[in-house]
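Asker: Got a structure for you, protein.txt, holding compact mmCIF, C-alpha atoms and all ligand atoms.
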# COMPACT_ATOMS: atom_id res chain seq x y z
CA MET M 6 25.39 -9.34 4.17
CA PRO M 7 25.85 -9.50 0.40
CA MET M 8 27.52 -6.65 -1.49
CA GLY M 9 25.74 -5.24 -4.52
CA ILE M 10 24.44 -2.15 -6.23
CA CYS M 11 21.77 -0.50 -4.08
CA LYS M 12 18.73 0.02 -6.30
CA LEU M 13 17.86 3.37 -4.71
CA CYS M 14 21.17 5.26 -4.51
CA GLY M 15 22.95 3.24 -7.21
CA GLU M 16 26.13 2.83 -5.14
CA GLU M 17 27.93 -0.39 -4.36
CA LYS M 18 27.19 -1.15 -0.71
CA GLU M 19 26.30 -3.92 1.68
CA LEU M 20 22.68 -4.75 0.94
CA LEU M 21 20.14 -5.26 3.68
CA LYS M 22 17.09 -7.46 3.43
CA SER M 23 14.43 -4.92 2.47
CA HIS M 24 10.74 -5.61 2.92
CA LEU M 25 8.42 -4.57 0.12
CA ILE M 26 5.83 -3.66 2.75
CA PRO M 27 7.42 -3.04 6.17
CA ALA M 28 7.12 -6.02 8.51
CA ALA M 29 5.48 -3.81 11.15
CA ALA M 30 2.43 -3.42 8.87
CA PHE M 31 1.81 -7.16 9.19
CA LYS M 32 2.15 -7.37 12.96
CA PRO M 33 -1.33 -6.09 13.81
CA LEU M 34 -2.74 -8.65 11.39
CA ARG M 35 -1.71 -11.64 13.40
CA ALA M 36 -4.97 -12.69 15.02
CA ARG M 37 -4.34 -13.49 18.66
CA GLU M 38 -6.74 -16.37 19.07
CA ALA M 39 -7.09 -17.89 15.60
CA SER M 40 -5.70 -21.37 14.96
CA ASN M 41 -3.68 -19.87 12.09
CA PRO M 42 -2.63 -16.46 13.38
CA ASN M 43 -0.98 -15.35 10.15
CA PRO M 44 -2.23 -12.40 8.10
CA LEU M 45 -4.29 -12.76 4.97
CA VAL M 46 -2.20 -11.81 1.95
CA VAL M 47 -3.74 -11.24 -1.46
CA THR M 48 -1.81 -10.95 -4.73
CA ASN M 49 -3.11 -11.08 -8.30
CA ASP M 50 -3.06 -14.83 -8.43
CA TRP M 51 -2.68 -16.13 -4.92
CA ILE M 52 -4.60 -15.89 -1.67
CA GLY M 53 -3.41 -17.28 1.59
CA GLN M 54 -2.47 -16.68 5.16
CA SER M 55 1.24 -16.26 5.25
CA SER M 56 3.90 -15.48 7.78
CA GLU M 57 6.37 -15.29 4.94
CA GLN M 58 7.71 -11.78 4.48
CA VAL M 59 8.04 -10.42 0.98
CA ALA M 60 11.67 -9.33 1.21
CA ALA M 61 14.87 -9.20 -0.85
CA HIS M 62 18.36 -7.69 -0.79
CA VAL M 63 17.63 -4.44 -2.59
CA CYS M 64 18.92 -1.41 -0.66
CA CYS M 65 21.76 -0.25 1.58
CA ARG M 66 21.48 0.87 5.21
CA GLY M 67 21.44 4.55 4.26
CA CYS M 68 18.53 4.04 1.89
CA GLU M 69 16.63 1.90 4.41
CA ASP M 70 16.97 4.91 6.74
CA ILE M 71 15.43 7.07 4.01
CA PHE M 72 12.38 4.76 4.00
CA ASN M 73 12.21 4.76 7.82
CA GLU M 74 12.58 8.46 8.37
CA GLY M 75 10.76 9.36 5.16
CA GLY M 76 7.46 7.89 6.29
CA GLU M 77 7.47 4.43 7.87
CA GLU M 78 8.36 5.52 11.41
CA TRP M 79 5.48 7.97 11.46
CA LEU M 80 2.76 6.04 9.65
CA LEU M 81 3.20 2.43 10.77
CA PRO M 82 2.10 2.92 14.41
CA LEU M 83 -1.04 4.69 13.15
CA LEU M 84 -2.35 1.84 10.96
CA ALA M 85 -5.41 -0.21 11.91
CA ASN M 86 -4.83 -2.97 14.43
CA LEU M 87 -6.92 -5.23 16.65
CA ASP M 88 -7.34 -2.45 19.22
CA GLY M 89 -8.24 0.49 17.02
CA PHE M 90 -7.19 2.73 14.17
CA PRO M 91 -5.23 5.81 15.32
CA LEU M 92 -4.93 7.35 11.84
CA TYR M 93 -8.70 7.24 11.31
CA GLU M 94 -9.27 8.85 14.71
CA MET M 95 -6.87 11.63 13.69
CA VAL M 96 -8.62 12.21 10.36
CA ALA M 97 -12.13 11.98 11.82
CA LYS M 98 -11.39 14.89 14.19
CA ALA M 99 -10.98 17.24 11.23
CA GLU M 100 -13.80 19.08 9.51
CA PRO M 101 -14.39 17.47 6.10
CA LEU M 102 -14.49 19.59 2.98
CA PHE M 103 -17.22 17.31 1.70
CA ARG M 104 -19.20 14.49 3.21
CA ASP M 105 -21.77 12.10 1.81
CA GLY M 106 -22.58 9.31 4.23
CA GLU M 107 -19.40 7.41 4.94
CA VAL M 108 -17.48 9.10 2.12
CA ALA M 109 -15.58 12.24 3.10
CA LEU M 110 -12.84 14.43 1.65
CA TYR M 111 -10.40 16.29 3.88
CA ARG M 112 -7.79 18.90 3.14
CA ALA M 113 -4.58 17.36 4.49
CA GLU M 114 -3.44 20.59 6.14
CA GLY M 115 -6.73 20.74 8.06
CA ILE M 116 -6.08 17.44 9.87
CA PRO M 117 -4.27 18.18 13.16
CA GLY M 118 -1.12 16.09 13.52
CA PHE M 119 -1.33 14.64 10.02
CA GLU M 120 1.97 14.51 8.13
CA LEU M 121 1.13 14.55 4.44
CA GLY M 122 4.77 14.49 3.27
CA LYS M 123 5.48 11.33 5.28
CA THR M 124 2.31 9.64 4.05
CA ILE M 125 3.24 10.41 0.42
CA HIS M 126 6.80 9.17 0.91
CA PHE M 127 5.56 5.94 2.49
CA GLY M 128 3.30 5.25 -0.48
CA MET M 129 5.76 6.22 -3.19
CA ALA M 130 8.60 4.20 -1.63
CA ILE M 131 6.47 1.04 -1.78
CA PHE M 132 5.33 1.65 -5.38
CA TRP M 133 8.94 2.30 -6.36
CA LYS M 134 10.22 -0.82 -4.58
CA ALA M 135 7.53 -2.89 -6.30
CA SER M 136 8.88 -1.67 -9.66
CA VAL M 137 12.53 -2.67 -9.22
CA ARG M 138 12.07 -6.46 -9.24
CA ASP M 139 9.55 -9.26 -9.02
CA TRP M 140 9.14 -9.77 -5.27
CA GLY M 141 7.03 -12.88 -5.68
CA THR M 142 8.04 -16.32 -4.56
CA LYS M 143 6.83 -19.76 -5.56
CA GLY M 144 5.60 -18.58 -8.94
CA ARG M 145 3.55 -15.66 -7.59
CA GLU M 146 4.35 -12.38 -9.28
CA ILE M 147 4.54 -9.23 -7.16
CA TYR M 148 5.72 -6.47 -9.49
CA VAL M 149 4.44 -3.24 -11.03
CA ASP M 150 5.78 -1.81 -14.28
CA LEU M 151 6.33 1.96 -13.88
CA GLY M 152 8.15 2.13 -17.23
CA SER M 153 9.81 5.49 -17.88
CA TYR M 154 8.20 6.88 -14.70
CA ALA M 155 10.32 4.65 -12.46
CA GLU M 156 13.33 7.00 -12.61
CA PRO M 157 11.52 10.22 -11.56
CA VAL M 158 9.87 8.22 -8.74
CA ARG M 159 13.31 6.99 -7.61
CA GLN M 160 14.64 10.56 -7.60
CA PHE M 161 11.64 11.67 -5.54
CA VAL M 162 12.00 8.85 -2.99
CA LEU M 163 15.72 9.72 -2.67
CA GLY M 164 14.74 13.31 -1.91
CA ARG M 165 16.56 14.65 -4.95
CA ALA M 166 13.56 15.74 -7.01
CA PRO M 167 10.03 17.07 -6.48
CA PHE M 168 6.99 14.85 -6.92
CA PRO M 169 6.98 13.64 -10.55
CA GLY M 170 4.70 15.21 -13.14
CA ARG M 171 1.84 13.39 -14.86
CA MET M 172 1.06 11.32 -11.83
CA CYS M 173 -0.91 11.67 -8.64
CA LEU M 174 -1.22 9.71 -5.44
CA GLY M 175 -4.55 9.07 -3.80
CA VAL M 176 -4.61 8.34 -0.07
CA CYS M 177 -7.80 6.83 1.30
CA VAL M 178 -8.31 6.12 5.00
CA LEU M 179 -11.00 3.50 5.48
CA PRO M 180 -13.65 4.02 8.16
CA PRO M 181 -13.51 1.36 10.88
CA THR M 182 -17.03 0.20 9.96
CA VAL M 183 -15.48 -2.15 7.37
CA PRO M 184 -13.03 -5.04 7.86
CA LEU M 185 -9.60 -3.46 7.69
CA LEU M 186 -7.11 -6.11 8.69
CA ALA M 187 -5.63 -7.36 5.46
CA THR M 188 -2.84 -6.44 3.07
CA LEU M 189 -2.91 -6.12 -0.69
CA MET M 190 0.46 -6.28 -2.41
CA PRO M 191 1.07 -3.66 -5.14
CA VAL M 192 -0.96 -4.46 -8.25
CA GLN M 193 -1.84 -2.77 -11.50
CA THR M 194 -5.58 -2.41 -11.97
CA LYS M 195 -7.43 -2.42 -15.28
CA GLN M 196 -7.72 1.11 -16.60
CA ARG M 197 -7.89 2.23 -20.19
CA GLU M 198 -6.57 5.80 -20.46
CA PHE M 199 -3.79 5.75 -17.88
CA HIS M 200 -2.03 3.39 -15.49
CA ARG M 201 -3.34 2.81 -11.99
CA PHE M 202 -1.45 0.99 -9.29
CA LYS M 203 -2.71 0.13 -5.85
CA PHE M 204 -1.67 -1.37 -2.60
CA TYR M 205 -3.30 -1.61 0.80
CA VAL M 206 -1.96 -1.75 4.34
CA PRO M 207 -4.31 -2.11 7.32
CA GLY M 208 -6.73 0.79 7.04
CA VAL M 209 -5.09 2.81 4.25
CA GLU M 210 -5.34 2.41 0.49
CA PHE M 211 -2.75 4.01 -1.77
CA ALA M 212 -3.60 4.50 -5.46
CA LEU M 213 -1.04 5.87 -7.92
CA ASN M 214 -2.34 7.18 -11.25
CA VAL M 215 0.27 7.59 -13.94
CA GLY M 216 0.26 8.81 -17.53
CA LYS M 217 -0.37 11.67 -19.93
CA GLN M 218 -4.12 11.11 -19.78
CA VAL M 219 -4.62 11.30 -16.02
CA PRO M 220 -7.53 13.80 -15.81
CA PRO M 221 -6.54 17.30 -14.58
CA GLU M 222 -9.14 17.24 -11.78
CA MET M 223 -7.64 13.99 -10.51
CA LEU M 224 -4.19 15.61 -10.53
CA GLU M 225 -5.54 18.60 -8.63
CA TRP M 226 -7.80 16.81 -6.12
CA SER M 227 -5.30 14.27 -4.82
CA ALA M 228 -2.88 14.00 -1.92
CA THR M 229 -0.08 15.20 -4.21
CA GLY M 230 -2.16 17.78 -6.06
CA VAL M 231 -2.81 21.44 -5.39
CA GLN M 232 -5.82 20.67 -3.17
CA GLN M 233 -3.93 18.03 -1.12
CA ILE M 234 -6.94 15.86 -0.49
CA VAL M 235 -7.10 12.83 1.79
CA SER M 236 -10.27 10.81 1.41
CA SER M 237 -12.12 8.50 3.71
CA SER M 238 -14.36 5.90 2.11
CA PRO M 239 -15.41 2.31 2.68
CA GLU M 240 -15.32 1.74 -1.10
CA PHE M 241 -11.97 -0.01 -1.16
CA ALA M 242 -13.14 -2.63 1.33
CA ARG M 243 -16.10 -3.33 -0.94
CA THR M 244 -13.96 -3.66 -4.09
CA PHE M 245 -11.38 -5.58 -2.10
CA GLY M 246 -14.19 -7.90 -1.05
CA ARG M 247 -15.26 -8.23 -4.69
CA ASN M 248 -11.70 -8.81 -5.89
CA TYR M 249 -11.35 -11.36 -3.18
CA VAL M 250 -14.49 -13.18 -4.31
CA ASP M 251 -13.29 -13.02 -7.96
CA ALA M 252 -9.85 -14.17 -6.92
CA LEU M 253 -11.34 -17.06 -4.98
CA ALA M 254 -12.73 -18.30 -8.28
CA THR M 255 -9.45 -18.12 -10.19
CA ALA M 256 -6.47 -17.78 -7.87
CA ARG M 257 -4.49 -20.60 -6.45
CA ILE M 258 -5.45 -20.77 -2.79
CA SER M 259 -3.01 -22.05 -0.24
CA PRO M 260 -4.09 -25.44 1.19
CA ASN M 261 -4.10 -24.07 4.75
CA PHE M 262 -6.30 -21.14 3.82
CA SER M 263 -8.77 -23.28 1.91
CA ARG M 264 -9.01 -25.56 5.00
CA HIS M 265 -9.74 -22.43 7.07
CA LEU M 266 -12.50 -21.37 4.63
CA LYS M 267 -14.07 -24.85 4.82
CA GLU M 268 -13.96 -24.81 8.62
CA ARG M 269 -15.55 -21.39 8.67
CA SER M 270 -18.35 -22.38 6.29
CA ARG M 271 -19.17 -25.34 8.54
CA ARG M 272 -19.78 -23.03 11.50
ZN ZN B 1 21.49 3.01 -1.11
Before we go any further, please render this structure as structure tokens.

Answerer:
Amino acid sequence: MPMGICKLCGEEKELLKSHLIPAAAFKPLRAREASNPNPLVVTNDWIGQSSEQVAAHVCCRGCEDIFNEGGEEWLLPLLANLDGFPLYEMVAKAEPLFRDGEVALYRAEGIPGFELGKTIHFGMAIFWKASVRDWGTKGREIYVDLGSYAEPVRQFVLGRAPFPGRMCLGVCVLPPTVPLLATLMPVQTKQREFHRFKFYVPGVEFALNVGKQVPPEMLEWSATGVQQIVSSSPEFARTFGRNYVDALATARISPNFSRHLKERSRR
């Protein structure tokens, strides 16, 4: 293992191969019977089915344990997989604060068994990791620029500081009526007044809003706000679908995946 400065704790240690998104989040995506069983991975400029893990030597063992115990161990087994979606089942048992069709808002503390702190840590650790380097390979960029907010996020992930000011994290659990089995690497979305970053693991969308102009109601009605809201909405799958269609027009598509699309359109 190479020695180096761990990006999280800042100490010189042996560095482990860290995954930007934990490998276990990809496991349920491997279709059992497809000719290419690898998960669909979407970045800003590339779409393909890949078994390649987005990983780099970034953190020491102690800090990897912080990621594991902070949220990964709890959340990963609850993500959507080919057999079901345990986290959705947990959320759906709770009484929503608000419901309109498939869109519902829940107070996190009202969901039996739900660990809000672990969910927040999981999300923030991935946004932070995405900000410390470009994780892309072969000319694909996987990076988000947190600017001056990167340091307070690092302190929070380390457990040394409370959740940073002027930002809020949205957690949205998708209903199983929409296709869930994909992954979106962290991206920055177009937004005028403040910065918005997103990533998606099977069944759960994380959106981080950052900046002085994040609206107060957004700060209050979020997973990290006073109201501690977890939402459930199929919206992400729809925009993901749209992004995917847009991306199909402009992104470089891996040769294997484009063969798969052609085969599928012939059926
Ligand atoms: Zn460390």

Asker: Go through the chains and note each residue within 12 Å of ligand ZN 1 (chain B), using all atoms listed in the file, then give the set as a PyMOL selection string.

Answerer: chain M and resi 8-21+23+62-72+159+162-163

Asker: Please provide as a CSV table (one decimal) with C-alpha atoms, keeping the file's coordinate frame all residues within 6 Å of M:Val209, with the sequence filter that same-chain residues fewer than 4 positions apart are discarded (counting only C-alpha atoms).

Answerer:
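Written out: result-v3.csv:
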chain,number,residue,atom,x,y,z
M,177,CYS,CA,-7.8,6.8,1.3
M,178,VAL,CA,-8.3,6.1,5.0
M,205,TYR,CA,-3.3,-1.6,0.8

Asker: Just give me the gap between atom CA of M:Gly76 and atom CA of M:Leu224 in Å, one decimal is fine.

Answerer: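 That distance, rounded to one decimal, is 21.9 Å.
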
Asker: Sort by chain and increasing residue number a table of all residues of stretch 110-144 of chain M within 9 Å of stretch 190-200 of chain M, each with its closest pair of atoms and their distance in Å to one decimal, counting only C-alpha atoms, and write it as a Markdown table.

Answerer:
| residue | atom | partner | partner_atom | distance |
| --- | --- | --- | --- | --- |
| M:Ile131 | CA | M:Pro191 | CA | 7.9 |
| M:Phe132 | CA | M:Pro191 | CA | 6.8 |
| M:Ala135 | CA | M:Pro191 | CA | 6.6 |

Asker: For a test of reading the model, state the distance in Å between atom CA of M:Ala97 and atom CA of M:Gly75, rounded to one decimal.

Answerer: 24.0 Å

Asker: For M:Glu77, which residue out of M:Met129, M:Val176, M:Val215, M:Leu186 is the nearest one, using all atoms listed in the file?

Answerer: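 The shortest atom-to-atom distance to M:Glu77 comes from M:Met129.
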